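A.B. asks: So I've got this file, work_26.pdb, and it contains PDB, C-alpha atoms:
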ATOM      1  CA  MET A  28       0.971 -48.811  60.302
ATOM      2  CA  ASP A  29       2.416 -48.515  63.816
ATOM      3  CA  GLU A  30       5.875 -49.230  62.516
ATOM      4  CA  ARG A  31       5.636 -46.431  59.985
ATOM      5  CA  ARG A  32       4.469 -44.077  62.704
ATOM      6  CA  GLU A  33       7.479 -44.898  64.812
ATOM      7  CA  THR A  34       9.948 -44.274  62.049
ATOM      8  CA  ASN A  35       8.260 -41.039  61.083
ATOM      9  CA  PRO A  36       7.165 -39.313  64.256
ATOM     10  CA  THR A  37       6.185 -36.111  62.446
ATOM     11  CA  ARG A  38       3.266 -37.991  60.892
ATOM     12  CA  MET A  39       1.822 -38.450  64.347
ATOM     13  CA  LYS A  40       1.829 -34.727  64.913
ATOM     14  CA  SER A  41      -1.588 -33.304  65.394
ATOM     15  CA  CYS A  42      -2.546 -30.330  63.313
ATOM     16  CA  THR A  43      -3.308 -26.847  64.494
ATOM     17  CA  THR A  44      -6.032 -24.933  62.680
ATOM     18  CA  VAL A  45      -6.753 -21.223  62.779
ATOM     19  CA  GLU A  46      -9.853 -19.666  61.293
ATOM     20  CA  ARG A  47     -11.646 -16.354  61.376
ATOM     21  CA  LYS A  48     -15.026 -17.680  62.491
ATOM     22  CA  SER A  49     -16.902 -14.386  62.400
ATOM     23  CA  GLU A  50     -16.377 -10.651  62.161
ATOM     24  CA  ARG A  51     -15.146 -10.580  65.749
ATOM     25  CA  GLU A  52     -13.733 -14.034  66.329
ATOM     26  CA  ILE A  53     -10.564 -16.047  65.678
ATOM     27  CA  VAL A  54     -10.621 -19.754  66.547
ATOM     28  CA  VAL A  55      -7.614 -22.020  67.097
ATOM     29  CA  THR A  56      -7.994 -25.797  67.487
ATOM     30  CA  ARG A  57      -5.736 -28.736  68.250
ATOM     31  CA  THR A  58      -6.173 -32.262  69.575
ATOM     32  CA  PHE A  59      -3.919 -33.626  72.313
ATOM     33  CA  ASN A  60      -3.333 -37.282  72.997
ATOM     34  CA  ALA A  61      -4.152 -37.064  76.711
ATOM     35  CA  PRO A  62      -7.127 -36.685  79.002
ATOM     36  CA  ALA A  63      -8.468 -33.173  79.618
ATOM     37  CA  ARG A  64      -7.249 -32.997  83.225
ATOM     38  CA  ILE A  65      -3.634 -33.345  82.038
ATOM     39  CA  VAL A  66      -3.927 -30.745  79.267
ATOM     40  CA  PHE A  67      -5.734 -28.415  81.677
ATOM     41  CA  GLU A  68      -2.951 -28.851  84.227
ATOM     42  CA  ALA A  69      -0.369 -27.746  81.654
ATOM     43  CA  TRP A  70      -2.363 -24.525  81.092
ATOM     44  CA  THR A  71      -2.898 -23.683  84.720
ATOM     45  CA  LYS A  72       0.363 -24.490  86.519
ATOM     46  CA  VAL A  73       2.845 -21.695  85.929
ATOM     47  CA  ASP A  74       5.904 -23.964  85.981
ATOM     48  CA  LEU A  75       4.372 -26.038  83.186
ATOM     49  CA  LEU A  76       2.999 -23.064  81.266
ATOM     50  CA  LYS A  77       6.468 -21.525  81.175
ATOM     51  CA  ARG A  78       7.834 -24.575  79.419
ATOM     52  CA  TRP A  79       5.712 -24.250  76.300
ATOM     53  CA  TRP A  80       4.459 -20.673  76.000
ATOM     54  CA  ALA A  81       7.594 -19.291  74.296
ATOM     55  CA  PRO A  82       8.998 -22.019  72.045
ATOM     56  CA  LYS A  83      12.565 -21.458  70.861
ATOM     57  CA  SER A  84      11.600 -21.842  67.205
ATOM     58  CA  THR A  85       9.580 -18.614  67.388
ATOM     59  CA  GLY A  86      12.612 -16.588  68.452
ATOM     60  CA  LEU A  87      10.760 -15.489  71.583
ATOM     61  CA  THR A  88      12.168 -15.652  75.095
ATOM     62  CA  LEU A  89      10.011 -15.533  78.169
ATOM     63  CA  LEU A  90      11.451 -12.817  80.418
ATOM     64  CA  SER A  91       8.878 -13.278  83.149
ATOM     65  CA  CYS A  92       5.698 -15.230  83.658
ATOM     66  CA  LYS A  93       3.183 -14.826  86.460
ATOM     67  CA  ALA A  94      -0.237 -16.390  86.462
ATOM     68  CA  ASP A  95      -2.637 -16.626  89.368
ATOM     69  CA  VAL A  96      -5.066 -19.039  87.763
ATOM     70  CA  ARG A  97      -8.319 -18.541  89.662
ATOM     71  CA  VAL A  98     -11.370 -16.362  89.035
ATOM     72  CA  GLY A  99     -10.276 -12.732  89.390
ATOM     73  CA  GLY A 100      -6.595 -13.693  89.453
ATOM     74  CA  SER A 101      -4.234 -11.847  87.134
ATOM     75  CA  TYR A 102      -1.469 -12.899  84.782
ATOM     76  CA  ARG A 103       1.455 -11.150  83.170
ATOM     77  CA  PHE A 104       3.826 -12.555  80.530
ATOM     78  CA  GLU A 105       6.813 -10.601  79.276
ATOM     79  CA  PHE A 106       8.544 -11.630  76.083
ATOM     80  CA  GLY A 107      11.791 -10.568  74.563
ATOM     81  CA  GLN A 108      12.606 -10.832  70.889
ATOM     82  CA  GLU A 109      16.000 -10.127  69.451
ATOM     83  CA  GLY A 110      16.270  -6.597  68.152
ATOM     84  CA  SER A 111      12.964  -5.348  69.526
ATOM     85  CA  LYS A 112      11.537  -4.012  72.758
ATOM     86  CA  PRO A 113      10.135  -6.472  75.292
ATOM     87  CA  MET A 114       6.391  -7.034  74.983
ATOM     88  CA  ALA A 115       4.058  -7.504  77.924
ATOM     89  CA  PHE A 116       0.761  -9.367  77.835
ATOM     90  CA  PHE A 117      -1.508  -9.142  80.854
ATOM     91  CA  GLY A 118      -5.072  -9.505  82.035
ATOM     92  CA  ARG A 119      -7.376 -11.336  84.424
ATOM     93  CA  TYR A 120      -8.897 -14.778  84.573
ATOM     94  CA  ILE A 121     -12.669 -14.410  84.587
ATOM     95  CA  GLU A 122     -13.604 -18.080  84.497
ATOM     96  CA  VAL A 123     -11.684 -21.142  85.674
ATOM     97  CA  THR A 124     -13.626 -24.390  85.454
ATOM     98  CA  PRO A 125     -11.316 -27.325  86.166
ATOM     99  CA  HIS A 126     -10.572 -29.569  83.210
ATOM    100  CA  SER A 127     -13.054 -27.909  80.873
ATOM    101  CA  ARG A 128     -12.915 -24.111  80.528
ATOM    102  CA  LEU A 129     -10.651 -21.095  80.993
ATOM    103  CA  VAL A 130     -11.580 -17.496  80.163
ATOM    104  CA  TRP A 131      -9.299 -14.490  80.449
ATOM    105  CA  THR A 132      -9.101 -10.873  79.338
ATOM    106  CA  ASN A 133      -6.271  -9.363  77.296
ATOM    107  CA  ASP A 134      -5.759  -5.940  78.822
ATOM    108  CA  GLU A 135      -2.562  -4.831  77.070
ATOM    109  CA  SER A 136      -4.735  -3.175  74.433
ATOM    110  CA  ALA A 137      -7.982  -1.234  74.900
ATOM    111  CA  ASP A 138      -9.459  -3.300  72.056
ATOM    112  CA  GLY A 139      -8.068  -6.603  73.321
ATOM    113  CA  ALA A 140      -9.926  -9.870  72.893
ATOM    114  CA  VAL A 141     -11.499 -12.052  75.543
ATOM    115  CA  THR A 142      -9.962 -15.506  75.229
ATOM    116  CA  THR A 143     -11.945 -18.657  75.981
ATOM    117  CA  VAL A 144     -10.222 -22.041  75.969
ATOM    118  CA  THR A 145     -12.314 -25.180  76.151
ATOM    119  CA  PHE A 146     -11.013 -28.702  76.791
ATOM    120  CA  GLU A 147     -13.243 -31.437  75.418
ATOM    121  CA  GLU A 148     -12.292 -35.010  76.226
ATOM    122  CA  LYS A 149     -13.253 -37.837  73.903
ATOM    123  CA  GLY A 150     -11.841 -41.338  74.053
ATOM    124  CA  GLY A 151      -8.816 -40.311  76.101
ATOM    125  CA  LYS A 152      -7.977 -37.440  73.725
ATOM    126  CA  THR A 153      -8.643 -33.773  74.253
ATOM    127  CA  LEU A 154      -9.905 -31.346  71.659
ATOM    128  CA  LEU A 155      -8.717 -27.897  72.601
ATOM    129  CA  VAL A 156     -10.566 -24.916  71.137
ATOM    130  CA  MET A 157      -9.375 -21.379  71.759
ATOM    131  CA  HIS A 158     -11.662 -18.475  70.848
ATOM    132  CA  ASP A 159     -10.403 -14.901  70.728
ATOM    133  CA  ILE A 160     -13.457 -12.655  70.700
ATOM    134  CA  TYR A 161     -12.756  -8.996  69.939
ATOM    135  CA  PRO A 162     -15.003  -6.119  71.064
ATOM    136  CA  SER A 163     -15.769  -5.117  67.457
ATOM    137  CA  LYS A 164     -15.173  -6.036  63.819
ATOM    138  CA  GLU A 165     -12.918  -2.973  63.557
ATOM    139  CA  ALA A 166     -10.748  -4.177  66.445
ATOM    140  CA  LEU A 167     -10.154  -7.563  64.803
ATOM    141  CA  ASP A 168      -9.669  -5.971  61.366
ATOM    142  CA  ALA A 169      -6.955  -3.738  62.846
ATOM    143  CA  VAL A 170      -5.168  -6.740  64.337
ATOM    144  CA  LEU A 171      -5.379  -8.681  61.062
ATOM    145  CA  ALA A 172      -4.162  -5.677  59.096
ATOM    146  CA  GLY A 173      -0.999  -5.937  61.163
ATOM    147  CA  MET A 174      -1.405  -2.559  62.785
ATOM    148  CA  GLU A 175      -0.281  -4.008  66.095
ATOM    149  CA  GLY A 176       2.703  -5.879  67.406
ATOM    150  CA  GLY A 177       5.152  -4.871  64.706
ATOM    151  CA  MET A 178       3.343  -6.833  62.010
ATOM    152  CA  ALA A 179       3.273  -3.795  59.744
ATOM    153  CA  GLU A 180       7.065  -3.978  59.599
ATOM    154  CA  THR A 181       6.929  -7.626  58.629
ATOM    155  CA  PHE A 182       4.666  -6.853  55.716
ATOM    156  CA  GLU A 183       6.969  -4.057  54.630
ATOM    157  CA  GLN A 184       9.810  -6.561  54.590
ATOM    158  CA  LEU A 185       7.681  -8.917  52.525
ATOM    159  CA  ASP A 186       6.972  -6.113  50.085
ATOM    160  CA  GLU A 187      10.682  -5.420  49.805
ATOM    161  CA  LEU A 188      11.422  -9.090  49.266
ATOM    162  CA  LEU A 189       8.854  -9.335  46.483
ATOM    163  CA  VAL A 190      10.253  -6.272  44.770
ATOM    164  CA  THR A 191      13.788  -7.670  45.079
ATOM    165  CA  LEU A 192      12.634 -10.983  43.634
ATOM    166  CA  GLY A 193      11.005  -9.068  40.823
ATOM    167  CA  ALA A 194      14.249  -7.282  40.075
ATOM    168  CA  SER A 195      16.211 -10.528  39.946
ATOM    169  CA  VAL A 196      13.644 -12.122  37.631
ATOM    170  CA  GLY A 197      14.308  -9.162  35.374
ATOM    171  CA  ARG A 198      18.037  -9.777  35.399
ATOM    172  CA  SER A 199      17.917 -13.470  34.532
TER
ATOM    173  CA  MET B   8      -5.412 -21.305  54.250
ATOM    174  CA  VAL B   9      -1.863 -22.434  53.481
ATOM    175  CA  GLN B  10      -2.986 -23.318  49.983
ATOM    176  CA  TYR B  11      -4.483 -19.859  49.723
ATOM    177  CA  VAL B  12      -1.174 -18.231  50.698
ATOM    178  CA  ARG B  13       0.642 -20.458  48.197
ATOM    179  CA  ASP B  14      -1.755 -19.490  45.428
ATOM    180  CA  ARG B  15      -1.123 -15.865  46.282
ATOM    181  CA  PHE B  16       2.626 -16.348  45.969
ATOM    182  CA  ASP B  17       2.192 -18.089  42.622
ATOM    183  CA  ALA B  18       0.109 -15.132  41.511
ATOM    184  CA  SER B  19       2.869 -12.812  42.737
ATOM    185  CA  PHE B  20       5.532 -14.567  40.700
ATOM    186  CA  ALA B  21       3.347 -14.585  37.609
ATOM    187  CA  ALA B  22       2.732 -10.878  38.080
ATOM    188  CA  LEU B  23       6.456 -10.207  38.381
ATOM    189  CA  SER B  24       7.323 -12.062  35.173
ATOM    190  CA  ASP B  25       6.438  -9.020  33.064
ATOM    191  CA  ALA B  26       8.848  -6.110  32.580
ATOM    192  CA  THR B  27       6.134  -3.441  32.431
ATOM    193  CA  ARG B  28       4.595  -4.658  35.670
ATOM    194  CA  ARG B  29       7.994  -4.629  37.384
ATOM    195  CA  GLY B  30       8.410  -1.089  36.107
ATOM    196  CA  VAL B  31       5.021  -0.133  37.537
ATOM    197  CA  LEU B  32       6.025  -1.561  40.940
ATOM    198  CA  GLU B  33       9.280   0.381  40.820
ATOM    199  CA  GLN B  34       7.374   3.533  39.939
ATOM    200  CA  LEU B  35       4.860   3.008  42.756
ATOM    201  CA  GLY B  36       7.771   2.410  45.122
ATOM    202  CA  ARG B  37       8.696   6.051  44.521
ATOM    203  CA  ALA B  38       5.191   7.512  44.715
ATOM    204  CA  ASP B  39       1.536   6.563  44.420
ATOM    205  CA  ALA B  40       0.122   7.195  40.961
ATOM    206  CA  SER B  41      -3.147   7.141  39.071
ATOM    207  CA  ILE B  42      -3.745   4.683  36.252
ATOM    208  CA  THR B  43      -3.691   7.617  33.821
ATOM    209  CA  ASP B  44      -0.241   8.700  35.115
ATOM    210  CA  LEU B  45       1.067   5.166  34.727
ATOM    211  CA  ALA B  46      -0.384   4.758  31.233
ATOM    212  CA  GLU B  47       1.363   7.948  30.123
ATOM    213  CA  LYS B  48       4.656   7.037  31.725
ATOM    214  CA  PHE B  49       4.736   3.627  30.078
ATOM    215  CA  HIS B  50       3.315   4.864  26.743
ATOM    216  CA  MET B  51       0.303   2.619  26.950
ATOM    217  CA  THR B  52      -3.422   2.840  26.503
ATOM    218  CA  LEU B  53      -5.541   3.232  29.600
ATOM    219  CA  THR B  54      -7.066  -0.198  28.966
ATOM    220  CA  GLY B  55      -3.629  -1.827  28.692
ATOM    221  CA  MET B  56      -2.460  -0.269  31.932
ATOM    222  CA  LYS B  57      -5.680  -1.223  33.694
ATOM    223  CA  LYS B  58      -4.965  -4.851  32.778
ATOM    224  CA  HIS B  59      -1.437  -4.738  34.209
ATOM    225  CA  VAL B  60      -2.607  -3.048  37.398
ATOM    226  CA  GLY B  61      -5.371  -5.658  37.659
ATOM    227  CA  VAL B  62      -2.804  -8.483  37.574
ATOM    228  CA  LEU B  63      -0.677  -6.750  40.233
ATOM    229  CA  GLU B  64      -3.754  -6.165  42.342
ATOM    230  CA  GLN B  65      -4.805  -9.821  42.056
ATOM    231  CA  ALA B  66      -1.353 -10.843  43.236
ATOM    232  CA  GLY B  67      -1.737  -8.615  46.263
ATOM    233  CA  LEU B  68       1.220  -6.456  45.271
ATOM    234  CA  VAL B  69      -0.740  -3.315  44.542
ATOM    235  CA  THR B  70      -3.904  -1.865  45.988
ATOM    236  CA  THR B  71      -6.080   0.685  44.249
ATOM    237  CA  GLU B  72      -8.560   3.141  45.607
ATOM    238  CA  LYS B  73     -11.024   5.219  43.671
ATOM    239  CA  VAL B  74     -11.500   8.739  44.914
ATOM    240  CA  GLY B  75     -13.907  10.706  42.754
ATOM    241  CA  ARG B  76     -13.014   9.850  39.164
ATOM    242  CA  VAL B  77      -9.380   9.009  39.808
ATOM    243  CA  ARG B  78      -8.159   5.527  40.684
ATOM    244  CA  THR B  79      -4.934   5.776  42.688
ATOM    245  CA  CYS B  80      -2.534   2.830  42.829
ATOM    246  CA  LYS B  81      -0.109   2.126  45.633
ATOM    247  CA  LEU B  82       2.284  -0.616  46.635
ATOM    248  CA  GLY B  83       0.978  -2.955  49.233
ATOM    249  CA  LEU B  84      -0.724  -6.157  50.070
ATOM    250  CA  SER B  85      -4.449  -6.371  49.704
ATOM    251  CA  LYS B  86      -6.528  -6.725  52.862
ATOM    252  CA  LEU B  87      -7.277 -10.341  52.048
ATOM    253  CA  THR B  88      -3.590 -11.206  51.642
ATOM    254  CA  GLU B  89      -2.699  -9.425  54.855
ATOM    255  CA  GLU B  90      -5.383 -11.348  56.659
ATOM    256  CA  ALA B  91      -4.258 -14.687  55.231
ATOM    257  CA  ALA B  92      -0.629 -13.952  56.087
ATOM    258  CA  TRP B  93      -1.529 -12.917  59.639
ATOM    259  CA  ILE B  94      -3.616 -16.031  60.166
ATOM    260  CA  GLU B  95      -0.809 -18.249  58.875
ATOM    261  CA  ARG B  96       1.719 -16.608  61.202
ATOM    262  CA  TYR B  97      -0.651 -16.919  64.134
ATOM    263  CA  ARG B  98      -1.154 -20.601  63.261
ATOM    264  CA  GLN B  99       2.600 -21.152  63.179
ATOM    265  CA  LEU B 100       2.978 -19.527  66.601
ATOM    266  CA  TRP B 101       0.319 -21.728  68.176
ATOM    267  CA  ASP B 102       1.524 -24.806  66.322
ATOM    268  CA  ALA B 103       5.000 -24.254  67.789
ATOM    269  CA  ARG B 104       3.525 -23.711  71.258
ATOM    270  CA  PHE B 105       1.352 -26.805  70.994
ATOM    271  CA  ASP B 106       4.308 -28.940  69.886
ATOM    272  CA  GLU B 107       6.035 -27.965  73.130
ATOM    273  CA  LEU B 108       2.796 -28.467  75.059
ATOM    274  CA  ASP B 109       2.616 -31.984  73.569
ATOM    275  CA  LYS B 110       5.977 -32.753  75.184
ATOM    276  CA  VAL B 111       4.815 -31.433  78.571
ATOM    277  CA  VAL B 112       1.599 -33.454  78.283
ATOM    278  CA  GLU B 113       3.522 -36.633  77.402
ATOM    279  CA  GLU B 114       5.734 -36.139  80.435
ATOM    280  CA  LEU B 115       2.737 -35.621  82.730
ATOM    281  CA  LYS B 116       1.169 -38.788  81.325
ATOM    282  CA  ARG B 117       4.333 -40.782  81.998
ATOM    283  CA  LYS B 118       4.567 -39.429  85.534
ATOM    284  CA  GLU B 119       0.950 -40.289  86.192
ATOM    285  CA  LYS B 120       1.535 -43.848  85.017
ATOM    286  CA  VAL B 121       4.558 -44.328  87.277
ATOM    287  CA  HIS B 122       2.708 -42.711  90.154
ATOM    288  CA  GLY B 123      -0.358 -44.871  89.536
ATOM    289  CA  ARG B 124       1.767 -48.029  89.509
ATOM    290  CA  LYS B 125       3.449 -47.082  92.770
ATOM    291  CA  LYS B 126       0.064 -46.539  94.368
ATOM    292  CA  ARG B 127      -1.079 -49.997  93.334
ATOM    293  CA  ASP B 128       2.111 -51.656  94.630
TER
END
Mind turning the file's structure into structure tokens?

C.D. replies:
Amino acid sequence: MDERRETNPTRMKSCTTVERKSEREIVVTRTFNAPARIVFEAWTKVDLLKRWWAPKSTGLTLLSCKADVRVGGSYRFEFGQEGSKPMAFFGRYIEVTPHSRLVWTNDESADGAVTTVTFEEKGGKTLLVMHDIYPSKEALDAVLAGMEGGMAETFEQLDELLVTLGASVGRS
Amino acid sequence: MVQYVRDRFDASFAALSDATRRGVLEQLGRADASITDLAEKFHMTLTGMKKHVGVLEQAGLVTTEKVGRVRTCKLGLSKLTEEAAWIERYRQLWDARFDELDKVVEELKRKEKVHGRKKRD
């Protein structure tokens, strides 16, 4: 069993789930193979946060990253993406409970969510649960409909792709 | 959710396998149209056209909206498909972030071990 794991490291990879839990709430979960204090540290020290917040595979680059992780402290992340304007995400930390709970606001939009991250340690592993709670059903619906953050464009491209595929099916 | 997106794509390909339905998509690409308009244009009965539009709607390629007695069809993903696609993209973003976070966490664990050993020495 262990041998197989070593030869196929992707099998060890923990899985990330995302679910719309209610009319106003999106929940993300993942388990990390480390105690909560270590996972918490990686979320609250800017130098560490910078290393994972904008993974290369997403095509994002982190232009700047400031986070004053204490109650009332503010944060600001600026991302660049090839071919589009830089995006800024900012807000305030409203709860910082070491090793177990972080809560912050998302102030870049008037209808932004409040994000709560909990770190739950069990047998040396940490279950991380991130809740995005929106002010209303309409606010979350608008986000999911891709009305924000250039998602509408993405769906247009998908539409185009499907129509193109349709045309080529017709030709063959 | 991934399975749901996959099912949707299968439904899309099935929907696109029919020449009339591809024609309807092409037509709707130019302008929205009612089912009656489409039935006339493709020399079909209303019932026949309703069936085709139903398949396209199921596949999330077309949405319809009834205003008064007229049902208007337009190109576009259904709300449910949009939601599923958004959720899948959001999952991919966080999955990519968490893969990187895993590496940071592993490094912190290693450091702690070394540090702990030094302390004991």

A.B. asks: Translate the PyMOL selection byres ((chain A) within 6 of (chain B)) into a concrete residue list for this structure, as a PyMOL selection string.

C.D. replies: chain A and resi 43+45+79-80+82+171-172+193

A.B. asks: Quick one, how far is CA of Gly150 (chain A) from CA of Ala61 (chain A)?

C.D. replies: 9.2 Å

A.B. asks: I need the residue set behind the PyMOL selection byres ((chain A and resi 100) around 12) for this file; please write it as a ChimeraX atom specification.

C.D. replies: /A:71,93-99,101-103,117-123,129-132

A.B. asks: Kindly indicate which residue among B:Lys73, B:His122, B:Arg117, B:Lys81 lies nearest to Ala40 (chain B), using only C-alpha atoms for the distances.

C.D. replies: B:Lys81

A.B. asks: One number please: CA of Val144 (chain A) to CA of Ser111 (chain A), in Å, one decimal.

C.D. replies: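 Separation of CA of Val144 (chain A) and CA of Ser111 (chain A): 29.3 Å.
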